[in-house]
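Undergrad: Here you go, model-v9.txt (compact mmCIF, C-alpha atoms and all ligand atoms):
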```txt
# COMPACT_ATOMS: atom_id res chain seq x y z
CA MET A 666 94.75 50.93 46.91
CA ALA A 667 98.20 49.85 48.01
CA GLY A 668 100.16 50.41 44.81
CA PRO A 669 103.71 51.79 44.71
CA VAL A 670 104.19 55.49 45.40
CA ALA A 671 107.31 57.59 44.86
CA LEU A 672 108.25 59.22 48.17
CA VAL A 673 111.04 61.78 48.49
CA ILE A 674 112.21 62.62 52.03
CA ASN A 675 114.65 65.51 52.49
CA GLY A 676 115.72 65.02 48.88
CA ARG A 677 116.23 61.26 49.16
CA ARG A 678 113.88 58.88 47.32
CA VAL A 679 112.49 55.76 49.03
CA ALA A 680 110.17 53.04 47.75
CA ALA A 681 106.75 53.21 49.39
CA ARG A 682 103.19 52.04 48.98
CA ALA A 683 99.90 53.88 49.16
CA GLY A 684 98.27 53.30 52.54
CA GLN A 685 101.52 53.35 54.53
CA THR A 686 102.00 56.07 57.09
CA LEU A 687 104.75 58.48 56.17
CA LEU A 688 106.67 57.31 59.24
CA ASP A 689 106.43 53.62 58.35
CA ALA A 690 107.40 54.31 54.77
CA ALA A 691 110.37 56.40 55.88
CA LEU A 692 111.63 53.80 58.37
CA ALA A 693 111.21 50.99 55.84
CA GLY A 694 113.29 53.06 53.45
CA GLY A 695 116.04 53.69 56.01
CA GLN A 696 115.07 57.29 56.80
CA VAL A 697 114.50 58.10 60.46
CA ILE A 698 111.94 60.85 60.90
CA PRO A 699 112.23 62.04 64.54
CA HIS A 700 109.32 60.47 66.43
CA ASP A 701 108.29 59.48 69.92
CA CYS A 702 104.73 58.35 70.72
CA ALA A 703 103.83 57.15 67.19
CA THR A 704 100.17 57.72 68.10
CA GLY A 705 99.65 61.35 67.14
CA GLN A 706 100.08 62.78 70.64
CA CYS A 707 103.50 64.40 70.90
CA ASP A 708 103.86 66.32 67.61
CA THR A 709 107.50 65.23 67.33
CA CYS A 710 107.04 63.70 63.88
CA ARG A 711 105.52 66.73 62.14
CA VAL A 712 106.78 67.04 58.55
CA ARG A 713 106.18 69.48 55.73
CA VAL A 714 104.44 68.21 52.60
CA HIS A 715 105.70 69.98 49.48
CA ALA A 716 104.01 67.86 46.80
CA GLY A 717 101.93 64.76 46.34
CA THR A 718 98.79 63.27 47.80
CA VAL A 719 98.62 62.57 51.52
CA ASP A 720 95.67 61.54 53.69
CA ASP A 721 96.48 63.81 56.65
CA ALA A 722 94.20 61.93 59.10
CA GLY A 723 93.08 65.27 60.48
CA THR A 724 96.60 66.31 61.51
CA ARG A 725 97.26 69.03 58.94
CA LEU A 726 98.49 72.41 60.17
CA GLY A 727 99.41 74.68 57.29
CA ASP A 728 101.57 72.57 55.00
CA THR A 729 102.53 70.12 57.75
CA VAL A 730 101.13 66.76 58.88
CA LEU A 731 102.01 64.17 61.52
CA ALA A 732 104.08 61.46 59.84
CA CYS A 733 102.92 58.77 62.29
CA ARG A 734 99.27 59.31 61.29
CA ALA A 735 99.25 60.70 57.75
CA ARG A 736 99.18 58.08 54.99
CA LEU A 737 100.42 58.04 51.45
CA ALA A 738 97.64 58.03 48.88
CA ALA A 739 97.58 57.38 45.17
CA GLY A 740 97.19 60.69 43.35
CA THR A 741 97.84 62.52 40.15
CA GLU A 742 101.26 63.92 41.09
CA PRO A 743 104.25 61.73 40.17
CA GLU A 744 105.80 61.80 43.64
CA THR A 745 105.14 62.81 47.23
CA VAL A 746 107.78 65.16 48.59
CA ILE A 747 108.15 65.71 52.33
CA GLU A 748 110.74 67.38 54.53
CA PHE A 749 111.63 67.39 58.20
CA ASP A 750 114.16 69.31 60.25
CA GLU A 751 117.28 67.34 60.96
CA VAL A 752 118.41 67.93 64.53
CA PRO A 753 121.78 67.33 66.19
CA ASP A 754 122.31 63.97 67.90
CA THR A 755 121.75 63.77 71.64
CA VAL A 756 125.08 63.48 73.49
CA ARG A 757 126.49 63.72 77.04
CA ARG A 758 129.09 66.30 77.93
CA ARG A 759 130.99 67.15 81.10
CA GLY A 760 132.07 70.54 82.26
CA SER A 761 132.03 72.96 85.16
CA ILE A 762 130.47 76.24 86.11
CA GLU A 763 132.48 79.21 84.94
CA SER A 764 130.37 81.92 86.55
CA VAL A 765 127.04 82.71 88.18
CA VAL A 766 125.96 86.32 87.65
CA ALA A 767 122.84 87.91 89.11
CA LEU A 768 120.81 89.50 86.29
CA THR A 769 117.98 90.55 88.63
CA PRO A 770 117.10 89.84 92.27
CA ASP A 771 115.39 86.62 91.06
CA ILE A 772 117.26 85.56 87.92
CA VAL A 773 120.86 84.42 87.54
CA GLU A 774 122.93 83.80 84.44
CA VAL A 775 124.97 80.61 84.71
CA THR A 776 127.85 79.99 82.31
CA VAL A 777 129.05 76.39 81.97
CA ALA A 778 132.37 75.62 80.29
CA LEU A 779 132.31 72.25 78.52
CA ARG A 780 135.32 70.06 77.85
CA LYS A 781 133.90 69.40 74.39
CA ARG A 782 131.40 71.45 72.42
CA LEU A 783 127.72 70.44 72.39
CA VAL A 784 125.94 71.27 69.14
CA TYR A 785 122.34 72.49 69.46
CA LEU A 786 119.88 74.57 67.48
CA PRO A 787 118.79 77.96 68.85
CA GLY A 788 115.69 77.31 70.98
CA GLN A 789 116.48 73.70 71.91
CA TYR A 790 117.04 72.73 75.55
CA VAL A 791 119.43 70.45 77.42
CA ARG A 792 119.26 68.42 80.64
CA VAL A 793 121.63 69.89 83.21
CA THR A 794 122.84 67.99 86.27
CA PHE A 795 124.81 70.03 88.78
CA ALA A 796 126.80 67.42 90.74
CA GLY A 797 124.86 66.16 93.74
CA LEU A 798 121.53 67.64 92.64
CA PRO A 799 118.61 66.40 90.53
CA PRO A 800 118.62 67.17 86.76
CA ARG A 801 116.81 70.18 85.34
CA ASP A 802 116.02 71.23 81.78
CA TYR A 803 117.28 74.62 80.66
CA SER A 804 117.60 76.34 77.29
CA PRO A 805 121.07 77.56 76.30
CA THR A 806 121.04 81.18 75.24
CA LEU A 807 123.35 84.13 74.67
CA ARG A 808 124.27 87.01 76.89
CA ALA A 809 122.33 90.22 76.31
CA ASP A 810 125.17 91.51 74.13
CA GLY A 811 125.01 88.34 72.01
CA SER A 812 128.29 86.94 73.27
CA GLY A 813 128.97 83.28 73.98
CA GLU A 814 131.86 80.93 73.19
CA LEU A 815 131.49 77.64 71.30
CA ASN A 816 132.42 75.57 74.34
CA GLU A 817 130.14 77.54 76.66
CA LEU A 818 126.51 77.03 77.55
CA ILE A 819 124.76 80.06 79.04
CA PHE A 820 121.55 79.65 81.02
CA GLN A 821 119.20 82.22 82.50
CA ILE A 822 117.54 80.65 85.52
CA ARG A 823 114.97 81.95 87.96
CA ARG A 824 115.64 81.07 91.58
CA GLN A 825 112.54 79.21 92.76
CA ASP A 826 111.63 79.49 96.43
CA GLY A 827 111.79 75.97 97.82
CA GLY A 828 113.32 74.56 94.64
CA ALA A 829 115.77 71.67 94.85
CA VAL A 830 118.32 73.28 92.52
CA SER A 831 117.85 76.94 91.63
CA PRO A 832 118.06 78.44 95.18
CA HIS A 833 121.59 77.04 95.40
CA LEU A 834 122.86 78.85 92.30
CA GLY A 835 125.49 81.37 93.25
CA ARG A 836 125.57 79.92 96.77
CA ARG A 837 126.21 76.18 97.17
CA ILE A 838 126.57 75.98 93.38
CA GLY A 839 129.30 78.30 92.18
CA ALA A 840 132.36 78.53 89.95
CA GLY A 841 134.10 75.20 89.51
CA HIS A 842 131.05 73.08 90.37
CA ALA A 843 130.95 69.95 88.18
CA VAL A 844 128.15 69.75 85.61
CA THR A 845 126.88 67.04 83.28
CA ILE A 846 124.87 68.02 80.22
CA GLU A 847 122.67 65.78 78.09
CA GLY A 848 120.99 66.96 74.91
CA PRO A 849 119.92 68.72 72.89
CA PHE A 850 116.18 68.14 72.99
CA GLY A 851 113.09 69.94 71.79
CA HIS A 852 111.57 71.11 68.54
CA ALA A 853 110.86 74.76 69.28
CA PHE A 854 114.00 75.84 67.47
CA HIS A 855 114.79 78.40 64.80
CA ARG A 856 113.96 77.38 61.26
CA LEU A 857 114.57 79.47 58.17
CA GLY A 858 111.31 80.60 56.58
CA ARG A 859 109.62 83.17 54.40
CA GLY A 860 106.54 84.17 56.41
CA ARG A 861 106.62 86.41 59.47
CA LEU A 862 108.22 84.99 62.61
CA VAL A 863 106.48 85.87 65.88
CA VAL A 864 108.44 85.07 69.06
CA VAL A 865 106.62 85.28 72.38
CA SER A 866 108.07 84.74 75.84
CA SER A 867 107.30 85.21 79.50
CA GLY A 868 109.85 85.27 82.31
CA VAL A 869 112.97 83.22 81.65
CA GLY A 870 111.27 81.87 78.54
CA TRP A 871 113.29 84.77 77.19
CA ALA A 872 116.33 82.46 77.08
CA PRO A 873 115.18 80.34 74.10
CA ALA A 874 113.24 83.29 72.65
CA TRP A 875 116.40 85.42 72.51
CA ALA A 876 118.37 82.58 70.95
CA VAL A 877 115.73 82.15 68.24
CA ALA A 878 115.15 85.86 67.59
CA ARG A 879 118.86 86.62 67.32
CA ALA A 880 119.41 83.66 64.99
CA SER A 881 116.60 84.90 62.78
CA ARG A 882 118.04 88.42 62.54
CA LEU A 883 121.49 87.12 61.71
CA ARG A 884 120.49 84.32 59.33
CA GLU A 885 117.48 85.89 57.59
CA PRO A 886 117.63 89.68 58.12
CA GLN A 887 114.91 90.35 55.53
CA ARG A 888 112.31 88.24 57.29
CA ASP A 889 109.61 90.07 59.29
CA LEU A 890 110.22 89.48 62.97
CA VAL A 891 107.95 90.41 65.87
CA VAL A 892 109.12 89.74 69.41
CA VAL A 893 106.90 90.10 72.47
CA ALA A 894 108.69 89.52 75.77
CA GLY A 895 107.18 89.98 79.19
CA GLY A 896 107.64 89.49 82.87
CA ARG A 897 105.50 89.87 85.93
CA HIS A 898 107.77 92.00 88.08
CA PRO A 899 109.33 95.19 86.72
CA HIS A 900 112.66 94.27 88.30
CA ASN A 901 112.81 91.07 86.23
CA LEU A 902 112.64 92.75 82.80
CA TYR A 903 116.25 91.94 82.08
CA MET A 904 115.74 91.56 78.34
CA ARG A 905 115.81 95.29 77.49
CA PRO A 906 119.32 95.41 75.92
CA ALA A 907 118.54 92.41 73.73
CA LEU A 908 115.24 93.96 72.63
CA ASP A 909 117.12 97.14 71.72
CA TRP A 910 119.53 95.06 69.60
CA LEU A 911 116.57 93.54 67.76
CA ARG A 912 114.91 96.94 67.23
CA ASP A 913 118.15 98.38 65.86
CA ARG A 914 118.03 95.64 63.22
CA GLY A 915 114.47 96.23 62.11
CA ALA A 916 112.50 93.86 64.33
CA SER A 917 109.34 94.90 66.12
CA ALA A 918 110.18 94.29 69.78
CA ILE A 919 107.57 94.75 72.53
CA LEU A 920 108.23 94.64 76.25
CA THR A 921 105.30 93.82 78.56
CA CYS A 922 104.82 93.78 82.31
CA SER A 923 101.84 92.03 83.89
CA GLY A 924 102.50 93.05 87.50
CA GLU A 925 101.67 96.21 89.36
CA ALA A 926 103.27 99.51 88.36
CA PRO A 927 104.67 98.52 84.96
CA PRO A 928 107.56 100.78 83.92
CA ALA A 929 107.03 103.42 81.25
CA ASP A 930 108.78 101.43 78.52
CA ALA A 931 106.64 98.31 79.05
CA ARG A 932 103.07 97.74 77.95
CA PRO A 933 100.80 96.66 80.79
CA GLY A 934 99.53 93.10 80.75
CA ARG A 935 100.72 89.73 79.58
CA PRO A 936 102.44 89.08 76.24
CA THR A 937 99.30 87.48 74.80
CA LEU A 938 97.53 90.82 75.06
CA HIS A 939 100.06 92.43 72.75
CA LEU A 940 100.45 89.80 70.06
CA PRO A 941 99.90 90.99 66.51
CA MET A 942 96.87 89.45 64.82
CA LEU A 943 98.19 86.15 63.54
CA THR A 944 97.71 84.79 60.04
CA ALA A 945 98.17 81.39 58.40
CA ALA A 946 101.47 82.62 56.92
CA ASP A 947 103.02 83.19 60.37
CA THR A 948 105.34 80.94 62.30
CA VAL A 949 105.00 81.42 66.05
CA LEU A 950 107.37 80.35 68.78
CA ALA A 951 106.19 80.59 72.39
CA ALA A 952 108.33 79.89 75.47
CA GLY A 953 107.68 80.36 79.15
CA ALA A 954 104.79 79.87 81.54
CA PRO A 955 102.61 76.92 80.40
CA GLY A 956 99.39 78.98 80.62
CA MET A 957 100.81 81.67 78.34
CA VAL A 958 102.19 79.11 75.92
CA ALA A 959 98.87 77.26 75.74
CA ALA A 960 97.08 80.55 75.03
CA VAL A 961 99.49 81.35 72.19
CA GLN A 962 99.06 77.84 70.77
CA PHE A 963 95.30 78.38 70.78
CA LEU A 964 95.55 81.71 68.97
CA ALA A 965 97.97 80.27 66.43
CA ALA A 966 95.69 77.31 65.78
CA VAL A 967 92.69 79.60 65.25
CA ALA A 968 94.71 81.61 62.72
CA GLY A 969 96.12 78.50 61.03
CA ALA A 970 99.66 79.61 61.90
CA THR A 971 102.49 77.16 62.54
CA CYS A 972 103.34 77.16 66.23
CA HIS A 973 106.30 75.71 68.11
CA ALA A 974 105.85 75.64 71.86
CA ASP A 975 108.26 75.38 74.77
CA PRO A 976 106.25 75.42 78.01
CA PHE A 977 108.38 75.69 81.15
CA HIS A 978 106.76 73.27 83.57
CA PRO A 979 107.76 73.57 87.24
CA ALA A 980 110.58 71.32 88.51
CA GLY A 981 111.67 70.24 85.04
CA ARG A 982 112.11 73.81 83.81
CA SER A 983 112.83 77.07 85.56
CA THR A 984 109.59 79.06 85.40
CA ASP A 985 108.52 82.59 86.12
CA ALA A 986 106.37 81.37 89.02
CA ASP A 987 103.40 83.31 87.68
CA ASP A 988 101.67 80.60 85.75
CA VAL A 989 98.12 81.50 86.58
CA PRO A 990 95.57 80.95 83.78
CA ASP A 991 96.07 83.35 80.91
CA THR A 992 92.67 84.47 79.67
CA ASN A 993 93.93 87.09 77.23
CA PHE A 994 93.54 84.58 74.42
CA ILE A 995 89.76 84.87 74.83
CA ARG A 996 89.96 88.64 74.34
CA ARG A 997 92.24 88.24 71.33
CA PHE A 998 89.96 85.54 69.92
CA LEU A 999 86.98 87.88 70.21
CA GLN A 1000 89.01 90.65 68.56
CA ARG A 1001 89.66 88.28 65.68
CA LEU A 1002 85.96 87.52 65.33
CA SER A 1003 85.10 91.23 65.36
CA GLY A 1004 87.88 92.19 62.96
CA ASN A 1005 89.57 94.45 65.54
CA ARG A 1006 93.28 94.41 64.65
CA SER A 1007 94.50 96.62 67.49
CA THR A 1008 97.43 95.26 69.44
CA GLN A 1009 97.34 97.94 72.12
CA ALA A 1010 96.30 97.17 75.65
CA ASP A 1011 93.83 99.50 77.25
CA SER A 1012 93.86 97.97 80.69
CA PRO A 1013 96.00 95.69 82.77
CA ALA A 1014 95.43 92.01 82.06
CA GLU A 1015 95.29 90.71 85.57
S1 LIG A 1101 105.42 60.48 66.92
FE1 LIG A 1101 104.24 61.54 68.38
S2 LIG A 1101 102.80 62.60 67.12
FE2 LIG A 1101 103.88 61.34 65.74
```
Would you mind writing the file's structure down as structure tokens?
Ligand code: FES
TA:
Amino acid sequence: MAGPVALVINGRRVAARAGQTLLDAALAGGQVIPHDCATGQCDTCRVRVHAGTVDDAGTRLGDTVLACRARLAAGTEPETVIEFDEVPDTVRRRGSIESVVALTPDIVEVTVALRKRLVYLPGQYVRVTFAGLPPRDYSPTLRADGSGELNELIFQIRRQDGGAVSPHLGRRIGAGHAVTIEGPFGHAFHRLGRGRLVVVSSGVGWAPAWAVARASRLREPQRDLVVVAGGRHPHNLYMRPALDWLRDRGASAILTCSGEAPPADARPGRPTLHLPMLTAADTVLAAGAPGMVAAVQFLAAVAGATCHADPFHPAGRSTDADDVPDTNFIRRFLQRLSGNRSTQADSPAE
């Protein structure tokens, strides 16, 4: 049936008909739901359904569906109510490097001063072009003490052996170097919510993870927050002060180390080995090595949790260079099947 249906999008009512996709109905009504592929592949158009009857076309995760696939259906409720996150417009900004500071032997913190502020949501990323070099995607974050000015963008970047950009940071690329920024992009950003928030990162995936975790503590201090942050090499566990800040404010913060000789304050193994058992009420954000992120996505999907992913692919993103397959998700999956809720590691993961 293709009769009229009342559709409310982010509080605004549009005329729609049963059988239309949510995306088509929104666009016809002058509402632009963020979208990209329009074929159900990219997950950009995911919206929350608060009321009404929707044929989810197999795309439902929790209370969300893909707007490009899900269709309005005639039902008993008077209106269909959906919601999506409105994100800042993508813009271009110019600026220059203010400082390059070595956080570890492998990771530098680059501060860029912009001529005009760029608005982004914690967890989003931007495209950075250091003059004369190819563009790279990095996530703005905060210093370990939480500081950062409105016209600054702070990046934590791993120097990649043989990379076209990162080896030059602090050498050929230093203070005063011209920078162009385009963005923001990405949907793995902080959203207010009621259920537990679980933030997982490996390597310099800590940059967006820290931005999201800190935003959650400041904006919704009563919300349960679990943060699991790891690195391969003990000398790259630069996130300790930030984890302490989170612990001091009631979050559960776990440091992991998957390399040899993990330090006493870090649990051995990858972050996936130390995730809490997920539930459908959780929202999970994973950032870092693609193998780790894929494993977290799998565990979240099994639990029915909402998951936002930010995999750092080589070249486009600065990675931790340890993206070997993460098989811990199999162990955690078997724990789920057997009802074992332990989050403690009893042996190194790799
Ligand atoms: S626009 Fe890509 S999944 Fe809907």
Undergrad: So which residues touch region 739-743 of chain A within 10 Å, counting all atoms listed in the file, skipping near sequence neighbours fewer than 5 positions away, as a list of chain:residue names?
TA: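 That gives A:Met666, A:Ala667, A:Gly668, A:Pro669, A:Val670, A:Ala671, A:Leu672, A:Arg682, A:Ala683, A:Gly684, A:Ala716, A:Gly717, A:Thr718, A:Val719, A:Asp720.
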Undergrad: Point out the residue among A:Ser881, A:Gln962, A:Ser804, A:Asn816 with the least atom-to-atom distance to Ile762 (chain A), counting only C-alpha atoms.
TA: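 Smallest distance to Ile762 (chain A) is found for A:Asn816.
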Undergrad: Compute the set of protein, DNA and RNA residues whose minimum atom distance to ligand LIG 1101 (chain A) is at most 7 Å, using all atoms listed in the file, and state it as number ranges by chain.
TA: A: 700-711, 731-734
Undergrad: Go ahead and write the residues just picked, C-alpha atoms, as an mmCIF file, keeping the file's coordinate frame.
TA:
```cif
data_model
loop_
_atom_site.group_PDB
_atom_site.id
_atom_site.type_symbol
_atom_site.label_atom_id
_atom_site.label_comp_id
_atom_site.auth_asym_id
_atom_site.auth_seq_id
_atom_site.Cartn_x
_atom_site.Cartn_y
_atom_site.Cartn_z
ATOM 1 C CA HIS A 700 109.320 60.470 66.430
ATOM 2 C CA ASP A 701 108.290 59.480 69.920
ATOM 3 C CA CYS A 702 104.730 58.350 70.720
ATOM 4 C CA ALA A 703 103.830 57.150 67.190
ATOM 5 C CA THR A 704 100.170 57.720 68.100
ATOM 6 C CA GLY A 705 99.650 61.350 67.140
ATOM 7 C CA GLN A 706 100.080 62.780 70.640
ATOM 8 C CA CYS A 707 103.500 64.400 70.900
ATOM 9 C CA ASP A 708 103.860 66.320 67.610
ATOM 10 C CA THR A 709 107.500 65.230 67.330
ATOM 11 C CA CYS A 710 107.040 63.700 63.880
ATOM 12 C CA ARG A 711 105.520 66.730 62.140
ATOM 13 C CA LEU A 731 102.010 64.170 61.520
ATOM 14 C CA ALA A 732 104.080 61.460 59.840
ATOM 15 C CA CYS A 733 102.920 58.770 62.290
ATOM 16 C CA ARG A 734 99.270 59.310 61.290
#
```
Undergrad: Between CA of Cys922 (chain A) and CA of Gly934 (chain A), what is the distance, to one decimal in Å?
TA: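 Going from CA of Cys922 (chain A) over to CA of Gly934 (chain A) covers 5.6 Å.
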Undergrad: Mind listing whatever residues come within 12 Å of the point (128.9, 73.4, 83.1)? Use all atoms listed in the file, file coordinates, and give them as number ranges by chain.
TA: A: 757-765, 775-783, 791-796, 803, 805, 816-820, 838-847
Undergrad: Next, dump the selected residues to file, keeping only C-alpha atoms, as a PDB file, in the frame of the given file.
TA:
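Okay, out.pdb is ready:
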```pdb
ATOM      1  CA  ARG A 757     126.490  63.720  77.040  1.00  0.00           C
ATOM      2  CA  ARG A 758     129.090  66.300  77.930  1.00  0.00           C
ATOM      3  CA  ARG A 759     130.990  67.150  81.100  1.00  0.00           C
ATOM      4  CA  GLY A 760     132.070  70.540  82.260  1.00  0.00           C
ATOM      5  CA  SER A 761     132.030  72.960  85.160  1.00  0.00           C
ATOM      6  CA  ILE A 762     130.470  76.240  86.110  1.00  0.00           C
ATOM      7  CA  GLU A 763     132.480  79.210  84.940  1.00  0.00           C
ATOM      8  CA  SER A 764     130.370  81.920  86.550  1.00  0.00           C
ATOM      9  CA  VAL A 765     127.040  82.710  88.180  1.00  0.00           C
ATOM     10  CA  VAL A 775     124.970  80.610  84.710  1.00  0.00           C
ATOM     11  CA  THR A 776     127.850  79.990  82.310  1.00  0.00           C
ATOM     12  CA  VAL A 777     129.050  76.390  81.970  1.00  0.00           C
ATOM     13  CA  ALA A 778     132.370  75.620  80.290  1.00  0.00           C
ATOM     14  CA  LEU A 779     132.310  72.250  78.520  1.00  0.00           C
ATOM     15  CA  ARG A 780     135.320  70.060  77.850  1.00  0.00           C
ATOM     16  CA  LYS A 781     133.900  69.400  74.390  1.00  0.00           C
ATOM     17  CA  ARG A 782     131.400  71.450  72.420  1.00  0.00           C
ATOM     18  CA  LEU A 783     127.720  70.440  72.390  1.00  0.00           C
ATOM     19  CA  VAL A 791     119.430  70.450  77.420  1.00  0.00           C
ATOM     20  CA  ARG A 792     119.260  68.420  80.640  1.00  0.00           C
ATOM     21  CA  VAL A 793     121.630  69.890  83.210  1.00  0.00           C
ATOM     22  CA  THR A 794     122.840  67.990  86.270  1.00  0.00           C
ATOM     23  CA  PHE A 795     124.810  70.030  88.780  1.00  0.00           C
ATOM     24  CA  ALA A 796     126.800  67.420  90.740  1.00  0.00           C
ATOM     25  CA  TYR A 803     117.280  74.620  80.660  1.00  0.00           C
ATOM     26  CA  PRO A 805     121.070  77.560  76.300  1.00  0.00           C
ATOM     27  CA  ASN A 816     132.420  75.570  74.340  1.00  0.00           C
ATOM     28  CA  GLU A 817     130.140  77.540  76.660  1.00  0.00           C
ATOM     29  CA  LEU A 818     126.510  77.030  77.550  1.00  0.00           C
ATOM     30  CA  ILE A 819     124.760  80.060  79.040  1.00  0.00           C
ATOM     31  CA  PHE A 820     121.550  79.650  81.020  1.00  0.00           C
ATOM     32  CA  ILE A 838     126.570  75.980  93.380  1.00  0.00           C
ATOM     33  CA  GLY A 839     129.300  78.300  92.180  1.00  0.00           C
ATOM     34  CA  ALA A 840     132.360  78.530  89.950  1.00  0.00           C
ATOM     35  CA  GLY A 841     134.100  75.200  89.510  1.00  0.00           C
ATOM     36  CA  HIS A 842     131.050  73.080  90.370  1.00  0.00           C
ATOM     37  CA  ALA A 843     130.950  69.950  88.180  1.00  0.00           C
ATOM     38  CA  VAL A 844     128.150  69.750  85.610  1.00  0.00           C
ATOM     39  CA  THR A 845     126.880  67.040  83.280  1.00  0.00           C
ATOM     40  CA  ILE A 846     124.870  68.020  80.220  1.00  0.00           C
ATOM     41  CA  GLU A 847     122.670  65.780  78.090  1.00  0.00           C
TER      42      GLU A 847
END
```
